[in-house]
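Undergrad: Take this structure, written in structure tokens, and hold onto it; I'll ask about it next.
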Amino acid sequence: MPDKLLIITEKDMAARKIADILGDHVEVTRHGSGKQKVSSYAFDWQGRPTVAIGLRGHVMRTAFPDRYKRWSLKNLHEMIRDPDFVWVVDGGAQTVLGALRAASKGAQELIIATDYDREGELIGNEALAILGGEALKRHPHDDGAGKKRRKGGAEEPPPAEDAADAGTPHVRAMLPRAVVDRHHRVRYSALIAEEVKAAFAKPTTLDFHLADAARTRQDVDLLWGAVLSRFISLASYRYGAAYLSVGRVQTPTLRLIVDRERERRAFVPVPYWEVWADLEREGRQLTAGHAHGRFDAQAKAERAQAEADTPLATVTDYQTRPRSVKPPAPFNTTALMSAASSVGVSPSRAMRAAESLYLSGLISYPRTDNTVYPKALDLNGVAAGLTGYGPVAGIAAELAARPKLTATRGNKRTSDHPPIYPVGVPSSPLEGNEAKVYELVVRRFLATVMDAARIESQKLELSIGSQPFVARGSRVAEAGFLAVYGKYVAEREKPLPQVAPGDTFTVEAVRLEAKQTQPPGRLSQGTLIEKMEDMGLGTKATRAEIIQRLYDRTYVRGNPIEPTDLGMSLIAAFDAALDQAPVDISSPAMTARLEADMDRISEGELGWQAVLAESQEMLEHAWERLDGAIEDVRTVILEAVRRDQTLGTCHTCGGEIVAVTSRKSGKRFAACRGLPDEQAAAGETEAGGAAASGPASPGGGAAATQVADDASRSADAPPSGPAAASGEPAADAAAGAGEPADGEDTAPRRRGCGQTFPLPPFGQIAAAGKACPECGWPMIRIVGGRGSREQCIDYYGCPSNAALRERREARRNAAAEGRSTGTARRGRRRTKS
DNA sequence: GCAAGGTC
């Protein structure tokens, strides 16, 4: 019997493809059960029995010991100086490890075939540690299940994978030491036959320096993230789910949004004037602008207007200029997220939809940096496959029949995966975001193999009195790729009338428009994700999640993205405390510096210990400054939270109306919490000023802010209804749950007059900054993904909300009726996805 | 209840 060979990959798809490429007949075995199934692929390769199995990304992680489990300001310094990190098996990987143990049985040779990048090298190293029995199951300084036993009485059952030896600190070895030691490592840059065969023909060994670099990146990120997240949270009384987070990627990303907001606030508008002429010829309207463009003085514009005094405008020149618009480059992850954002699908939702389409076999792997199709990709074949997709069937057939298609190329060429393209056609219609993302991928692919569009730019010059005017237009001469992709690009056809010099238009009016320069716009999610890529913040697989995290923390809201006062204050706190500091985690330079250090570790120039030590030192300095300024940090953040929560003034008692989320039901309402002066009078303490977390993607549910408050204990609690507050005791709403750690400071508690209102269940709630013209109660702004709307806070009482109430009622009745016939369930699903 | 990185 020849030696059995085990091949480990980073994901199932890679194991499956390698088996297909190297083997003739592949036998699939399913391990585990339910949703967590893992497959292994058995085949013969060069006469040897071989099994390929995919992990699911990382299977080990960096862990703190239990003594740092409790959040406390008091042990942060110790955490920095002695993080006591240990590399342990990831508790979530039990199914994968069980499958690995089964698949590796009897193997005498091992090939690591994880992705060809830094994380892939680390994942390969994790596999070696586990197979060889070196991997720790838990931190050696922790006493295992001891704590659980004390608390609950019963010991936690050991993880299924290692039931046989729950007592030992290490995972039981799966392969003999010698097999692990003489492992091979193959590096393929694409999952295509020639690449894979070439890689397996000349294997090397794992690059442990590179794996060390990746592990150090994890350590540094966790250390900075944990210490600063805890510091900021504890300093501002944010306990439990209401914690505030800080990280090497998320905080500089927040800074991008905050910087833009600061520019907007600092912007000084400059007035200017424009002169426009409304013209008519043969029943067609045309608007032409003064050829001078913007006038910086009103008097000059008025003079131009006055001198445009003839009843007819005479055409003096008519020019056309051909222009070519090139089709777009193939989609990589960032470009797809950005395009999806412009059709109303947030990056994180687009990513989820793309993942699901990939798993259904409809699109290629969705996490890629590449914007150049590999040579081996059969473009005509992909087009031919799309003839089964109705909306583009005709064009796809026409393209597939062309001799040999060529595609556009983007400027990011990597070897990880091909750009994202369609690989299948849905058998039944897709819904929601999946439908949108699939259509986008299909149309984008077709666009990349189509011809450029030819646009005719038109310019019409006219004179009115002594004044020159200009009108511009455009006409699509040849649609090219716009035939399939036109709906996603700004290119609009607006042709001018066909005229010649000497022709005339009737002048209906010559208008003066006073305008002023506008501040730079807010960033859209699409623009932000592109900026992150340009700046090296995050990766293709994480950027969408990181943007979502900023919404979840209520640092930002809406799209275009608007920072909340909390988000502004967090950056302000770092600015104040870390001004001139050698390292600031809120700066994008942090990533560049870490990358440079990782390169030096992988080159063998620097040990990981030195990099971690230096990082600890920098963090210690940062923490000292922050800790020295803790009162200021607290004040800045708490004041910002108060501004974010405050919706207006209570009509009954003059106190502040604030947004509250019930901790028990998650429902939101507004409550009076009295005047700030009453803080001292109340004389009680509790954890306060916390914000709820939740899916805050625009368009989806966003969390209002949560406060500690007694207000809704009042009998005046609003009736419950579709949008009503729960009417539950406000004790539920006591922010942040949980006990403050170690008797540390807690925020003062306040009472109000008992007035409450229900709040809408979706969208972030902000003050509109004005009183309702009908009833005088504050107006609120509900910010969602498709913009914001304003309404009176008094949902049940104010006549201005009557129409809204009727619509809700009608919808609710329709839904109730539909439920009995079964039609509403489909409708609900659609709105949810 | 900490991050960011894999992947599902």
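Residues in the structure tokens are numbered from 1 in each chain, the chains being A, B, ... in the order shown, and ligands are numbered from 1 in the order shown.
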Pick out the chain A residues within 6 Å of chain B. Count only C-alpha atoms (C1' of nucleotides). Give them as a count of residues only.
TA: 11
Undergrad: Based on DSSP run over this structure's backbone, return all residues of region 489-628 of chain A in strand (DSSP E), as a ChimeraX atom specification.
TA: /A:504-516,556-557,562-563
Undergrad: Emit the selected residues as a PDB file, in the first residue's frame, including N, CA and C atoms.
TA:
ATOM      1  N   THR A 504     -32.851  81.060 -34.917  1.00  0.00           N
ATOM      2  CA  THR A 504     -33.172  81.843 -33.720  1.00  0.00           C
ATOM      3  C   THR A 504     -34.100  81.087 -32.773  1.00  0.00           C
ATOM      4  N   PHE A 505     -34.008  81.460 -31.510  1.00  0.00           N
ATOM      5  CA  PHE A 505     -34.916  80.978 -30.459  1.00  0.00           C
ATOM      6  C   PHE A 505     -35.638  82.184 -29.879  1.00  0.00           C
ATOM      7  N   THR A 506     -36.848  81.975 -29.428  1.00  0.00           N
ATOM      8  CA  THR A 506     -37.554  83.027 -28.704  1.00  0.00           C
ATOM      9  C   THR A 506     -37.030  83.075 -27.272  1.00  0.00           C
ATOM     10  N   VAL A 507     -36.722  84.262 -26.797  1.00  0.00           N
ATOM     11  CA  VAL A 507     -36.250  84.394 -25.416  1.00  0.00           C
ATOM     12  C   VAL A 507     -37.468  84.560 -24.508  1.00  0.00           C
ATOM     13  N   GLU A 508     -37.732  83.595 -23.690  1.00  0.00           N
ATOM     14  CA  GLU A 508     -38.885  83.691 -22.775  1.00  0.00           C
ATOM     15  C   GLU A 508     -38.520  84.438 -21.508  1.00  0.00           C
ATOM     16  N   ALA A 509     -37.293  84.259 -21.053  1.00  0.00           N
ATOM     17  CA  ALA A 509     -36.864  84.975 -19.842  1.00  0.00           C
ATOM     18  C   ALA A 509     -35.357  84.937 -19.745  1.00  0.00           C
ATOM     19  N   VAL A 510     -34.806  85.949 -19.143  1.00  0.00           N
ATOM     20  CA  VAL A 510     -33.384  85.917 -18.773  1.00  0.00           C
ATOM     21  C   VAL A 510     -33.338  86.108 -17.265  1.00  0.00           C
ATOM     22  N   ARG A 511     -32.878  85.073 -16.582  1.00  0.00           N
ATOM     23  CA  ARG A 511     -32.977  85.049 -15.116  1.00  0.00           C
ATOM     24  C   ARG A 511     -31.626  85.212 -14.462  1.00  0.00           C
ATOM     25  N   LEU A 512     -31.652  85.814 -13.303  1.00  0.00           N
ATOM     26  CA  LEU A 512     -30.450  85.919 -12.476  1.00  0.00           C
ATOM     27  C   LEU A 512     -30.624  84.936 -11.315  1.00  0.00           C
ATOM     28  N   GLU A 513     -29.623  84.112 -11.071  1.00  0.00           N
ATOM     29  CA  GLU A 513     -29.707  83.191  -9.927  1.00  0.00           C
ATOM     30  C   GLU A 513     -28.568  83.475  -8.967  1.00  0.00           C
ATOM     31  N   ALA A 514     -28.953  83.770  -7.724  1.00  0.00           N
ATOM     32  CA  ALA A 514     -27.930  83.984  -6.692  1.00  0.00           C
ATOM     33  C   ALA A 514     -27.633  82.632  -6.045  1.00  0.00           C
ATOM     34  N   LYS A 515     -26.383  82.245  -6.036  1.00  0.00           N
ATOM     35  CA  LYS A 515     -26.003  80.962  -5.442  1.00  0.00           C
ATOM     36  C   LYS A 515     -24.805  81.158  -4.537  1.00  0.00           C
ATOM     37  N   GLN A 516     -24.450  80.118  -3.886  1.00  0.00           N
ATOM     38  CA  GLN A 516     -23.190  80.179  -3.155  1.00  0.00           C
ATOM     39  C   GLN A 516     -22.457  78.847  -3.270  1.00  0.00           C
ATOM     40  N   VAL A 556     -21.683  56.686  13.297  1.00  0.00           N
ATOM     41  CA  VAL A 556     -22.113  57.345  12.061  1.00  0.00           C
ATOM     42  C   VAL A 556     -23.549  56.945  11.768  1.00  0.00           C
ATOM     43  N   ARG A 557     -24.191  57.703  10.856  1.00  0.00           N
ATOM     44  CA  ARG A 557     -25.535  57.334  10.420  1.00  0.00           C
ATOM     45  C   ARG A 557     -25.747  57.813   8.989  1.00  0.00           C
ATOM     46  N   GLU A 562     -22.915  60.409   7.731  1.00  0.00           N
ATOM     47  CA  GLU A 562     -22.832  61.580   8.604  1.00  0.00           C
ATOM     48  C   GLU A 562     -22.332  61.096   9.964  1.00  0.00           C
ATOM     49  N   PRO A 563     -21.268  61.667  10.493  1.00  0.00           N
ATOM     50  CA  PRO A 563     -20.849  61.220  11.821  1.00  0.00           C
ATOM     51  C   PRO A 563     -21.829  61.717  12.871  1.00  0.00           C
TER      52      PRO A 563
END
Undergrad: List as a list in words the protein and nucleic acid residues near region 772-783 of chain A, meaning an atom at most 6 Å away when only C-alpha atoms (C1' of nucleotides) are counted, but skip any in the same chain fewer than 3 places from it.
TA: Gly558, Gly648, Gly763, Gln764, Ile765, Ala766, Ala767, Ala768, Ser788, Arg789, Glu790, Gln791, Cys792 and Ile793 of chain A
Undergrad: Any chance you could export the current selection's N, CA and C atoms as a PDB file, in the first residue's frame?
TA:
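Here's the written file result_22.pdb:
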ATOM      1  N   GLY A 558     -26.758  57.180   8.325  1.00  0.00           N
ATOM      2  CA  GLY A 558     -27.168  57.647   7.004  1.00  0.00           C
ATOM      3  C   GLY A 558     -26.200  57.274   5.887  1.00  0.00           C
ATOM      4  N   GLY A 648     -35.188  67.215  21.852  1.00  0.00           N
ATOM      5  CA  GLY A 648     -35.823  68.519  21.971  1.00  0.00           C
ATOM      6  C   GLY A 648     -36.227  68.792  23.407  1.00  0.00           C
ATOM      7  N   GLY A 763     -34.354  53.028  11.367  1.00  0.00           N
ATOM      8  CA  GLY A 763     -33.665  54.277  11.071  1.00  0.00           C
ATOM      9  C   GLY A 763     -33.115  54.885  12.346  1.00  0.00           C
ATOM     10  N   GLN A 764     -32.066  55.664  12.195  1.00  0.00           N
ATOM     11  CA  GLN A 764     -31.535  56.338  13.377  1.00  0.00           C
ATOM     12  C   GLN A 764     -32.354  57.601  13.633  1.00  0.00           C
ATOM     13  N   ILE A 765     -32.531  57.866  14.928  1.00  0.00           N
ATOM     14  CA  ILE A 765     -33.338  59.006  15.319  1.00  0.00           C
ATOM     15  C   ILE A 765     -32.417  60.158  15.722  1.00  0.00           C
ATOM     16  N   ALA A 766     -32.684  61.321  15.163  1.00  0.00           N
ATOM     17  CA  ALA A 766     -31.911  62.493  15.549  1.00  0.00           C
ATOM     18  C   ALA A 766     -32.865  63.673  15.729  1.00  0.00           C
ATOM     19  N   ALA A 767     -32.381  64.671  16.416  1.00  0.00           N
ATOM     20  CA  ALA A 767     -33.190  65.876  16.583  1.00  0.00           C
ATOM     21  C   ALA A 767     -33.287  66.594  15.247  1.00  0.00           C
ATOM     22  N   ALA A 768     -34.476  67.123  14.942  1.00  0.00           N
ATOM     23  CA  ALA A 768     -34.608  67.923  13.724  1.00  0.00           C
ATOM     24  C   ALA A 768     -34.246  69.378  14.018  1.00  0.00           C
ATOM     25  N   SER A 788     -33.382  61.042   4.691  1.00  0.00           N
ATOM     26  CA  SER A 788     -34.007  61.189   5.991  1.00  0.00           C
ATOM     27  C   SER A 788     -35.339  61.893   5.837  1.00  0.00           C
ATOM     28  N   ARG A 789     -36.213  61.690   6.821  1.00  0.00           N
ATOM     29  CA  ARG A 789     -37.481  62.407   6.814  1.00  0.00           C
ATOM     30  C   ARG A 789     -37.694  63.004   8.196  1.00  0.00           C
ATOM     31  N   GLU A 790     -38.583  63.984   8.250  1.00  0.00           N
ATOM     32  CA  GLU A 790     -38.858  64.627   9.530  1.00  0.00           C
ATOM     33  C   GLU A 790     -40.314  64.428   9.890  1.00  0.00           C
ATOM     34  N   GLN A 791     -40.560  64.258  11.161  1.00  0.00           N
ATOM     35  CA  GLN A 791     -41.952  64.194  11.610  1.00  0.00           C
ATOM     36  C   GLN A 791     -42.030  64.683  13.058  1.00  0.00           C
ATOM     37  N   CYS A 792     -43.261  64.997  13.460  1.00  0.00           N
ATOM     38  CA  CYS A 792     -43.465  65.441  14.832  1.00  0.00           C
ATOM     39  C   CYS A 792     -43.271  64.251  15.767  1.00  0.00           C
ATOM     40  N   ILE A 793     -42.665  64.493  16.911  1.00  0.00           N
ATOM     41  CA  ILE A 793     -42.383  63.411  17.851  1.00  0.00           C
ATOM     42  C   ILE A 793     -43.667  62.798  18.422  1.00  0.00           C
TER      43      ILE A 793
END
Undergrad: So that I can check the surroundings of region 341-349 of chain A, please list as a list in words every protein, DNA and RNA residue that reaches within 6 Å of it, counting only C-alpha atoms (C1' of nucleotides) and ignoring chain neighbours fewer than 2 positions away.
TA: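 Selected residues are Met337, Ser338, Ala339, Met351, Arg352, Gly526, Ala544 and Glu545 of chain A.
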Undergrad: For the atom pair CA of Asp12 (chain A) and CA of Leu191 (chain A), what is the interatomic distance in Å to one decimal place?
TA: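 For CA of Asp12 (chain A) relative to CA of Leu191 (chain A), the distance reads 12.3 Å.
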Undergrad: Compile the contact shell of Glu624 (chain A) as an NGL selection string: residues with an atom at most 12 Å away, counting only C-alpha atoms (C1' of nucleotides), same-chain residues fewer than 2 positions apart removed.
TA: :A and (73 or 76-77 or 80 or 227-228 or 231 or 577-578 or 581 or 617-622 or 626-630)
Undergrad: Grab the residues selected above and save them as a PDB file, in the first residue's frame with N, CA and C atoms.
TA:
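Everything below was put into again08.pdb:
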ATOM      1  N   LEU A  73     -10.503  49.664  34.469  1.00  0.00           N
ATOM      2  CA  LEU A  73      -9.444  50.636  34.190  1.00  0.00           C
ATOM      3  C   LEU A  73      -8.173  50.273  34.952  1.00  0.00           C
ATOM      4  N   LEU A  76      -5.504  47.908  33.111  1.00  0.00           N
ATOM      5  CA  LEU A  76      -5.103  48.179  31.729  1.00  0.00           C
ATOM      6  C   LEU A  76      -3.582  48.278  31.581  1.00  0.00           C
ATOM      7  N   HIS A  77      -2.965  48.893  32.572  1.00  0.00           N
ATOM      8  CA  HIS A  77      -1.516  49.055  32.479  1.00  0.00           C
ATOM      9  C   HIS A  77      -0.827  47.689  32.501  1.00  0.00           C
ATOM     10  N   ILE A  80      -1.154  45.968  29.221  1.00  0.00           N
ATOM     11  CA  ILE A  80      -0.206  46.452  28.207  1.00  0.00           C
ATOM     12  C   ILE A  80       1.173  45.835  28.438  1.00  0.00           C
ATOM     13  N   VAL A 227      -7.197  47.250  24.737  1.00  0.00           N
ATOM     14  CA  VAL A 227      -6.856  48.241  25.760  1.00  0.00           C
ATOM     15  C   VAL A 227      -7.615  49.550  25.515  1.00  0.00           C
ATOM     16  N   LEU A 228      -7.598  50.013  24.271  1.00  0.00           N
ATOM     17  CA  LEU A 228      -8.220  51.315  24.017  1.00  0.00           C
ATOM     18  C   LEU A 228      -9.744  51.234  23.989  1.00  0.00           C
ATOM     19  N   PHE A 231     -10.574  51.248  27.598  1.00  0.00           N
ATOM     20  CA  PHE A 231     -10.354  52.557  28.211  1.00  0.00           C
ATOM     21  C   PHE A 231     -11.474  53.534  27.863  1.00  0.00           C
ATOM     22  N   ALA A 577      -5.894  64.228  23.332  1.00  0.00           N
ATOM     23  CA  ALA A 577      -4.988  63.514  24.226  1.00  0.00           C
ATOM     24  C   ALA A 577      -3.697  63.094  23.533  1.00  0.00           C
ATOM     25  N   LEU A 578      -3.769  62.805  22.256  1.00  0.00           N
ATOM     26  CA  LEU A 578      -2.600  62.230  21.576  1.00  0.00           C
ATOM     27  C   LEU A 578      -1.947  63.209  20.610  1.00  0.00           C
ATOM     28  N   ALA A 581       1.629  62.945  19.744  1.00  0.00           N
ATOM     29  CA  ALA A 581       2.108  61.657  20.243  1.00  0.00           C
ATOM     30  C   ALA A 581       2.813  60.932  19.103  1.00  0.00           C
ATOM     31  N   GLU A 617       5.329  49.342  24.024  1.00  0.00           N
ATOM     32  CA  GLU A 617       5.881  50.601  24.522  1.00  0.00           C
ATOM     33  C   GLU A 617       5.096  51.799  23.982  1.00  0.00           C
ATOM     34  N   MET A 618       4.779  51.734  22.704  1.00  0.00           N
ATOM     35  CA  MET A 618       4.023  52.840  22.101  1.00  0.00           C
ATOM     36  C   MET A 618       2.627  52.935  22.720  1.00  0.00           C
ATOM     37  N   LEU A 619       2.032  51.771  22.933  1.00  0.00           N
ATOM     38  CA  LEU A 619       0.704  51.762  23.528  1.00  0.00           C
ATOM     39  C   LEU A 619       0.746  52.297  24.953  1.00  0.00           C
ATOM     40  N   GLU A 620       1.815  51.975  25.662  1.00  0.00           N
ATOM     41  CA  GLU A 620       1.928  52.452  27.035  1.00  0.00           C
ATOM     42  C   GLU A 620       1.950  53.981  27.064  1.00  0.00           C
ATOM     43  N   HIS A 621       2.714  54.565  26.138  1.00  0.00           N
ATOM     44  CA  HIS A 621       2.747  56.037  26.066  1.00  0.00           C
ATOM     45  C   HIS A 621       1.380  56.609  25.736  1.00  0.00           C
ATOM     46  N   ALA A 622       0.722  56.002  24.773  1.00  0.00           N
ATOM     47  CA  ALA A 622      -0.607  56.493  24.377  1.00  0.00           C
ATOM     48  C   ALA A 622      -1.575  56.382  25.551  1.00  0.00           C
ATOM     49  N   LEU A 626      -3.725  59.284  27.572  1.00  0.00           N
ATOM     50  CA  LEU A 626      -5.186  59.200  27.650  1.00  0.00           C
ATOM     51  C   LEU A 626      -5.645  59.131  29.102  1.00  0.00           C
ATOM     52  N   ASP A 627      -4.954  58.315  29.881  1.00  0.00           N
ATOM     53  CA  ASP A 627      -5.353  58.154  31.273  1.00  0.00           C
ATOM     54  C   ASP A 627      -5.186  59.466  32.030  1.00  0.00           C
ATOM     55  N   GLY A 628      -4.147  60.208  31.670  1.00  0.00           N
ATOM     56  CA  GLY A 628      -3.929  61.514  32.308  1.00  0.00           C
ATOM     57  C   GLY A 628      -5.029  62.502  31.963  1.00  0.00           C
ATOM     58  N   ALA A 629      -5.671  62.267  30.838  1.00  0.00           N
ATOM     59  CA  ALA A 629      -6.707  63.207  30.385  1.00  0.00           C
ATOM     60  C   ALA A 629      -8.091  62.595  30.528  1.00  0.00           C
ATOM     61  N   ILE A 630      -8.231  61.607  31.399  1.00  0.00           N
ATOM     62  CA  ILE A 630      -9.480  60.833  31.430  1.00  0.00           C
ATOM     63  C   ILE A 630     -10.720  61.692  31.687  1.00  0.00           C
TER      64      ILE A 630
END
Undergrad: Just the residues within 9 Å of Thr95 (chain A), please, counting only C-alpha atoms (C1' of nucleotides), with nothing from its chain fewer than 3 positions along; format it as a list in words.
TA: His31, Gly32, Ser33, Gln36, Lys37, Val38, Gly92, Gly98, Ala99, Leu100, Ala160 and Glu161 of chain A
Undergrad: For the residues in the current selection, export C-alpha atoms as a short mmCIF file (atom, residue, chain, number, x, y, z; two decimals), in the first residue's frame.
TA:
data_model
loop_
_atom_site.label_atom_id
_atom_site.label_comp_id
_atom_site.auth_asym_id
_atom_site.auth_seq_id
_atom_site.Cartn_x
_atom_site.Cartn_y
_atom_site.Cartn_z
CA HIS A 31 -18.10 15.04 8.06
CA GLY A 32 -20.13 16.54 10.89
CA SER A 33 -23.80 17.32 10.65
CA GLN A 36 -21.62 22.81 9.92
CA LYS A 37 -20.81 20.08 7.42
CA VAL A 38 -17.24 19.79 6.17
CA GLY A 92 -15.69 27.64 16.84
CA GLY A 98 -13.23 16.67 13.81
CA ALA A 99 -13.28 16.39 10.04
CA LEU A 100 -9.55 17.01 9.91
CA ALA A 160 -16.95 17.26 21.06
CA GLU A 161 -13.78 17.02 19.02
#
